[in-house]
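For reference, the structure discussed in these notes is given below.
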Amino acid sequence: MRVTVIDYKAGNLTSVLKSLRHVGAECEVTEDPAVVAAAERIVLPGVGHFQATERLDKTGLTAAVRTAIAKGLPFLGICVGMQWLYNGSSEAPEQPGLGVFMDGCARFPEGSEKVPHVGWNSLHPCADTPLLAGVEAGEFVYFTHSYRAPITTDTAAMTNYIAPFASAVVRGNVMGVQFHPEKSGETGLRILTNFLNWNAEGGQ
Amino acid sequence: MITKRIIACLDVHGGRVVKGVQFVDLIDAGDPATQAARHAREGADEIVLLDITATHEGRATLLDTVRRTARELFVPFCVGGGIRTADDAAQVFDAGADKVSVNSAALKDPTLIDAIGRSFGAQAVVCAIDARRDPAAADPVREAMVYVQGGRKPTGRRVVEWAREAEQRGAGEILLTSMDSDGTRAGFDCELTAAVSEAVSIPVIASGGAGTVEHFVDVFGRGKADAALAASIFHFGISSARSLKEELAKAGVSVRLPC
């Protein structure tokens with residue numbers, strides 16, 4: 001299974017590539033919009049600041065992703081890569097997201113708990129989606145982030161930290177996860193496998 | 001619910017896991033890749049590999065060790081020891097680490113934290129602090145001092161202030177080692193851990209002194225630690241992260257189980 005991993009120079013891709021290869025993907029890494037437009041399956045990893053997604057606009061990758069998504073290709077955004085699927089984030093208010101999901105991401109409220117949210121927290125699937133097939137309520141995945149997406153009708157899984165937030169989002173072929181499946185042990189590898197097996201018929 | 005992390009730490013010297021008290025009387029404790037995989041399989045939430053070789057020739061060995069260790073590891077993996085420049089960090093990330101821990105080089109040049117954070121994100125930078133209480137101070141805990149060279153050389157900096165500065169510069173976590181407790185198996189320095197944890201918003205990993213389950217219960221409660229490092233108690237099959245976490249769960253600590 002061929003997977004195109006978008007490199008927008010925002011951190012380290014080694015773990016994502018290693019995990020995808022471990023579950024049987026043949027990965028190509030690119031920052032070329034033409035390669036993305038011709039992809040079969042796309043992963044947008046992400047660590048760091050929302051502002052870094054500006055590079056996607058400047059290099060033409062945003063347009064290429066839009067085209068690929070419109071063709072129905074499976075797309076998975078991880079962490080900031082998930083947040084980018086929304087309208088934007090208060091982390092970089094001037095920087096628009098892709099806008100597949102019409103809400104914005106915002107910082108966890110300051111209070112009794114630490115921000116960032118770092119560590120293993122539980123996943124509570126709330127939609128029947130092939131991406132989370134075989135994942136039981138309460139399974140743990142690894143998070144590291146200070147901004148989070150709101151719960152909406154597209155939310156596929158919720159996690160509670162200070163208040164519930166969207167830890168996975170799915171609409172059709174567009175999928176995002178706030179946690180790092182590449183760092184989430186067997187549960188994470190299962191989710192990556194599900195993504196590799198995803199097909200337009202909705203089955204596996 | 002967010003869980004308290006149990007982090008397995010491997011001290012590595014010349015490509016082998018070693019164990020000793022405060023870096024002396026080192027005993028060979030196996031191959032890093034094998035040990036890391038075993039800890040992950042036995043329920044560790046994260047793996048830290050600290051290279052104590054600290055020689056220039058040791059760098060190539062370290063990168064090879066990191067590469068081999070990362071290959072089959074699907075939990076967070078942090079590497080520390082001898083990371084002096086952002087370029088050193090880049091090589092370690094490229095070899096498969098998710099985080100680097102910086103210590104003495106960051107004390108010498110604190111902008112190292114900014115530089116690594118800018119390129120790789122705050123989540124990838126752990127500021128390791130070796131601390132000793134200052135018995136001469138009015139408040140020995142809040143005025144604890146930062147040491148380097150395995151706790152032998154004082155830096156003149158206060159632990160709480162340095163932790164705050166590291167956070168402001170973009171460190172994502174603090175790895176706090178009590179040099180007073182390290183290797184004693186008599187318990188973590190909970191007062192010091194709590195003082196640092198209350199001073200910063202980023203997670204604090206407690207290290208130094210783990211010997212019993214109660215020590216972990218204590219550091220997660222009274223010590224307000226977000227994670228705890230365990231090295232010697234996992235070696236030689238004394239205990240596994242899973243059995244430790246099962247005991248912690250019984251004591252009411254939220255941990256990742258089953259794992």
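The chains in the structure tokens are called A, B, ... from first to last as shown; in each chain the residues are counted from 1, and the ligands are counted from 1 in the order shown.
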
Discussion item. Taking only C-alpha atoms into account and nothing else, which residues of chain A lie no more than 6 Å away from chain B? Please answer as a PyMOL selection string.
Written reply: chain A and resi 11+14+48+114-115+120-121+183-185

Item to complete: Could you please write out, as number ranges by chain, every residue of range 72-174 of chain A that DSSP assigns to alpha helix (DSSP H)?
Response: A: 80-83

Item to complete: Can you check which residues of range 39-166 of chain A DSSP gives as strand (DSSP E) on the backbone and send them as a PyMOL selection string?
Response: chain A and resi 42-44+75-78+86-89+101-107+117-125+139-145+147-148+155-161+163-166

Find the residues near Glu54 in chain A: any atom within 9 Å, counting only C-alpha atoms, skip ones fewer than 5 places away on the same chain, and give them as a PDB file with N, CA and C atoms, in the first residue's frame.
ATOM      1  N   THR A  59       3.646  26.674  -0.780  1.00  0.00           N
ATOM      2  CA  THR A  59       4.261  25.732  -1.712  1.00  0.00           C
ATOM      3  C   THR A  59       3.241  25.101  -2.656  1.00  0.00           C
ATOM      4  N   GLN A  95      -3.518  32.509  10.284  1.00  0.00           N
ATOM      5  CA  GLN A  95      -3.220  31.410   9.359  1.00  0.00           C
ATOM      6  C   GLN A  95      -4.458  30.532   9.178  1.00  0.00           C
ATOM      7  N   PRO A  96      -5.047  30.526   7.978  1.00  0.00           N
ATOM      8  CA  PRO A  96      -6.242  29.694   7.807  1.00  0.00           C
ATOM      9  C   PRO A  96      -5.897  28.207   7.727  1.00  0.00           C
ATOM     10  N   GLY A  97      -6.821  27.377   8.176  1.00  0.00           N
ATOM     11  CA  GLY A  97      -6.684  25.946   7.970  1.00  0.00           C
ATOM     12  C   GLY A  97      -7.353  25.569   6.652  1.00  0.00           C
TER      13      GLY A  97
END

Worksheet entry | Residues within 7 Å of Val5 in chain A, only C-alpha atoms, excluding chain neighbours under 3 positions, as an MDAnalysis selection string | chainID A and resid 27:30 42:44

Worksheet item: Which residue out of B:Glu214, B:Ser239, B:Val17, B:Thr177 has the minimum interatomic distance to Thr53 in chain B when only C-alpha atoms are used?
Response: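 Comparing B:Glu214, B:Ser239, B:Val17, B:Thr177 against Thr53 in chain B, the winner is B:Val17.
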
Discussion item. Could you list, as a list in words, every residue within 8 Å of range 135-142 of chain A, counting only C-alpha atoms and ignoring same-chain residues fewer than 2 positions away?
Written reply: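 Within the cut-off, the hits are Val118, Gly119, Trp120, Asn121, Ser122, Leu123, His124, Pro125, Leu132, Ala133, Thr144, Phe179, His180, Pro181, Lys183, Ser184, Gly185, Thr187, Gly188, Arg190 and Ile191 of chain A; Arg256 of chain B.
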
Item to complete: Between CA of Arg2 in chain A and CA of Ala52 in chain A, measure the distance and give it in Å to one decimal.
Response: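 Separation of CA of Arg2 in chain A and CA of Ala52 in chain A: 25.6 Å.
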
Fill in: Selected residue of minimal separation from Cys105 in chain A among A:Phe75, A:Phe195, A:Tyr147, A:Phe165, counting only C-alpha atoms
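Answer, going by the shortest atom-to-atom distance: A:Tyr147.
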
Applying 10 Å and only C-alpha atoms, which residues near Arg152 in chain B remain after dropping the ones on its own chain fewer than 2 positions away? List them as a compact mmCIF listing (two decimals) with C-alpha atoms, in the first residue's frame.
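result.txt written:
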# COMPACT_ATOMS: atom_id res chain seq x y z
CA ASP B 130 20.42 17.54 38.27
CA ARG B 132 20.75 19.10 45.14
CA TYR B 147 24.61 20.70 39.46
CA VAL B 148 26.48 19.25 36.50
CA GLN B 149 29.02 16.46 36.06
CA GLY B 150 26.94 13.83 37.82
CA PRO B 154 27.60 23.34 41.27
CA THR B 155 26.44 25.86 38.68
CA MET B 179 21.26 13.89 43.20

Distance query Ala8 in chain B at most 6 Å, only C-alpha atoms, self and fewer than 6 positions along chain excluded, as a compact mmCIF listing (two decimals) with C-alpha atoms, in the first residue's frame:
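As a result, around_27.txt now contains:
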# COMPACT_ATOMS: atom_id res chain seq x y z
CA ILE B 47 11.77 4.94 27.14
CA LEU B 229 11.67 7.58 35.89
CA ALA B 230 12.73 4.18 37.02
CA ALA B 231 16.03 2.60 36.17

Worksheet item: How many Å lie between CA of Val65 in chain A and CA of Pro33 in chain A, rounded to one decimal?
Response: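 CA of Pro33 in chain A lies at a distance of 8.0 Å from CA of Val65 in chain A.
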
Worksheet item: What is the CA of Thr152 in chain A-CA of Gly172 in chain A distance in Å, reported with one decimal?
Response: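 Atom-to-atom, CA of Thr152 in chain A and CA of Gly172 in chain A are spaced 14.9 Å apart.
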